[in-house]
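Asker: Below: one structure in structure tokens.
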Amino acid sequence: EPEVTQTPSHQVTQMGQEVILRCVPISNHLYFYWYRQILGQKVEFLVSFYNNEISEKSEIFDDQFSVERPDGSNFTLKIRSTKLEDSAMYFCASSHPRDTRETQYFGPGTRLLVL
Amino acid sequence: AQSVTQLGSHVSVSEGALVLLRCNYSSSVPPYLFWYVQYPNQGLQLLLKYTTGATLVKGINGFEAEFKKSETSFHLTKPSAHMSDAAEYFCAVSGRSNQGGKLIFGQGTELSVKP
């Protein structure tokens, strides 16, 4: 069964450094999402992406964040200058155009630790 | 605006007992409702969803949920718990008029199953 993959599974970085989290969505999906889950808290929406542009973003998704689909398969989340509070599990998700407001398939997540 | 409230951050049941995880939602538009499960150190896996039609929906692993509009609820049940059901369960809502299908999650309920 097709699945969303994410790399790396774990990333440790120093405060102020840039990180890029990578995702490979399911191949025929066209809607892409990033969510994050701070330890012990709920899963929070960050951004959705369709047709090479951001569809919607949350208040969390400030100028330090950016997303990109650099080729036909990858979807990336960049944090320009990491803060301690960016430590979280980051989940990528994708959905099929026919199921736009229905099923999102999630990757296994990248656990980011900012020191 | 949409929100989800899951009653009980921890639920403990005995193996073979009924599982009931509560979810109430708030939505200004007709909702799509979801239950996701997260096993330790894994991503989010869709258990079941309600979009339109039958209000009792069946999912994987013997789980089911009933959409009750009058009670704004979408509680998750399973007649007989199994040890392998121990995990964190998240209820989520998205709005049908919401472009990009952003999911709003509840805070999660951790299910423990005692032998």
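The way I read the labels, and the way they are meant: chains A, B, ... in the order of the structure tokens, residue 1 as the first residue of every chain, and ligand 1 as the first ligand shown, with later ones counted on from there.
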Need to verify the contact set: stretch 87-93 of chain B, 7 Å, only C-alpha atoms, exclusion of same-chain residues closer than 2 positions in sequence. Can you return it as number ranges by chain?
Answerer: B: 4, 23, 31-40, 85, 95, 103-111
Asker: Just want the 8 Å neighbourhood of A:Val12, counted on only C-alpha atoms, with same-chain residues fewer than 6 positions away dropped. Output as a list in words.
Answerer: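 Result of the neighbour search: Leu112, Leu113, Val114 and Leu115 of chain A.
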Asker: Would you mind exporting C-alpha atoms of the selected residues as a PDB file, in the first residue's frame?
Answerer:
```
ATOM      1  CA  LEU A 112      13.168  17.619  15.875  1.00  0.00           C
ATOM      2  CA  LEU A 113      15.140  18.571  18.963  1.00  0.00           C
ATOM      3  CA  VAL A 114      16.547  22.086  19.182  1.00  0.00           C
ATOM      4  CA  LEU A 115      19.295  22.579  21.757  1.00  0.00           C
TER       5      LEU A 115
END
```
Asker: Find the nearest atom pair between each residue of chain A and chain B for residues within 8 Å, count only C-alpha atoms, give distances in Å to one decimal, sort rows by chain and ascending number, and present the table as a Markdown table.
Answerer:
```
| residue | atom | partner | partner_atom | distance |
| --- | --- | --- | --- | --- |
| A:Tyr31 | CA | B:Gly100 | CA | 6.8 |
| A:Gln41 | CA | B:Gln107 | CA | 6.4 |
| A:Lys42 | CA | B:Gln107 | CA | 4.4 |
| A:Val43 | CA | B:Phe105 | CA | 6.0 |
| A:Glu44 | CA | B:Phe105 | CA | 7.0 |
| A:Phe45 | CA | B:Leu103 | CA | 6.8 |
| A:Ser48 | CA | B:Gly100 | CA | 6.2 |
| A:Phe49 | CA | B:Gly100 | CA | 7.5 |
| A:Tyr50 | CA | B:Gly100 | CA | 7.5 |
| A:Ser55 | CA | B:Gly100 | CA | 6.3 |
| A:Glu56 | CA | B:Gly100 | CA | 7.2 |
| A:Phe91 | CA | B:Gly43 | CA | 7.5 |
| A:Thr100 | CA | B:Gly101 | CA | 6.0 |
| A:Arg101 | CA | B:Gly101 | CA | 4.3 |
| A:Glu102 | CA | B:Tyr32 | CA | 6.9 |
| A:Thr103 | CA | B:Lys49 | CA | 7.9 |
| A:Tyr105 | CA | B:Gln45 | CA | 7.4 |
| A:Phe106 | CA | B:Leu44 | CA | 5.7 |
| A:Gly107 | CA | B:Gly43 | CA | 5.7 |
| A:Pro108 | CA | B:Gly43 | CA | 3.8 |
| A:Gly109 | CA | B:Gly43 | CA | 5.9 |
```
Asker: Give me, as a ChimeraX atom specification, all polymer residues having an atom no more than 6 Å from stretch 66-83 of chain A, counting only C-alpha atoms and skipping those fewer than 4 positions away in the same chain.
Answerer: /A:15-24
Asker: Pick the closest to B:Ser112 from B:Asn24, B:Ser12, B:Thr77, B:Gln6: which is it, counting only C-alpha atoms?
Answerer: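 Nearest candidate to B:Ser112 out of B:Asn24, B:Ser12, B:Thr77, B:Gln6: B:Ser12.
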Asker: Select from stretch 1-80 of chain A everything DSSP, run on the backbone, classes as strand (DSSP E or B), then give the selection as a ChimeraX atom specification.
Answerer: /A:5-7,10-13,19-24,31-37,43-50,53-57,65-68,75-79
Asker: Got a sec: who's within 9 Å of A:Ile26, counting only C-alpha atoms, leaving out chain neighbours fewer than 3 positions off, as a compact mmCIF listing (two decimals) with N, CA, C and O atoms, in the first residue's frame?
Answerer:
```txt
# COMPACT_ATOMS: atom_id res chain seq x y z
N PRO A 2 0.56 2.23 -0.84
CA PRO A 2 1.39 3.45 -0.88
C PRO A 2 1.38 4.14 0.48
O PRO A 2 0.37 4.10 1.20
N GLU A 3 2.50 4.79 0.82
CA GLU A 3 2.55 5.49 2.08
C GLU A 3 3.39 6.75 1.96
O GLU A 3 4.19 6.89 1.04
N VAL A 4 3.17 7.64 2.90
CA VAL A 4 3.96 8.86 2.99
C VAL A 4 5.25 8.55 3.76
O VAL A 4 5.19 7.90 4.81
N THR A 5 6.37 9.00 3.24
CA THR A 5 7.62 8.78 3.95
C THR A 5 8.23 10.12 4.35
O THR A 5 8.01 11.14 3.68
N HIS A 29 -1.15 12.01 -5.12
CA HIS A 29 -1.77 13.03 -4.28
C HIS A 29 -1.31 14.41 -4.71
O HIS A 29 -0.18 14.60 -5.18
N LEU A 30 -2.19 15.39 -4.52
CA LEU A 30 -1.88 16.74 -4.96
C LEU A 30 -1.98 17.77 -3.84
O LEU A 30 -1.57 18.91 -4.03
N SER A 73 8.41 14.86 -6.58
CA SER A 73 8.13 13.86 -5.55
C SER A 73 8.32 14.37 -4.12
O SER A 73 7.65 13.90 -3.22
N ALA A 93 1.59 15.16 5.60
CA ALA A 93 0.42 14.41 5.16
C ALA A 93 0.10 14.78 3.72
O ALA A 93 0.51 15.84 3.23
N SER A 94 -0.61 13.89 3.05
CA SER A 94 -1.05 14.20 1.69
C SER A 94 -2.44 13.64 1.47
O SER A 94 -2.89 12.73 2.19
N SER A 95 -3.13 14.21 0.49
CA SER A 95 -4.46 13.71 0.15
C SER A 95 -4.68 13.78 -1.35
O SER A 95 -4.04 14.56 -2.06
N HIS A 96 -5.60 12.93 -1.80
CA HIS A 96 -5.94 12.85 -3.21
C HIS A 96 -6.92 13.96 -3.56
O HIS A 96 -7.76 14.30 -2.74
N TYR A 105 -3.37 11.21 4.57
CA TYR A 105 -2.49 10.12 4.95
C TYR A 105 -1.21 10.71 5.53
O TYR A 105 -0.56 11.54 4.89
```
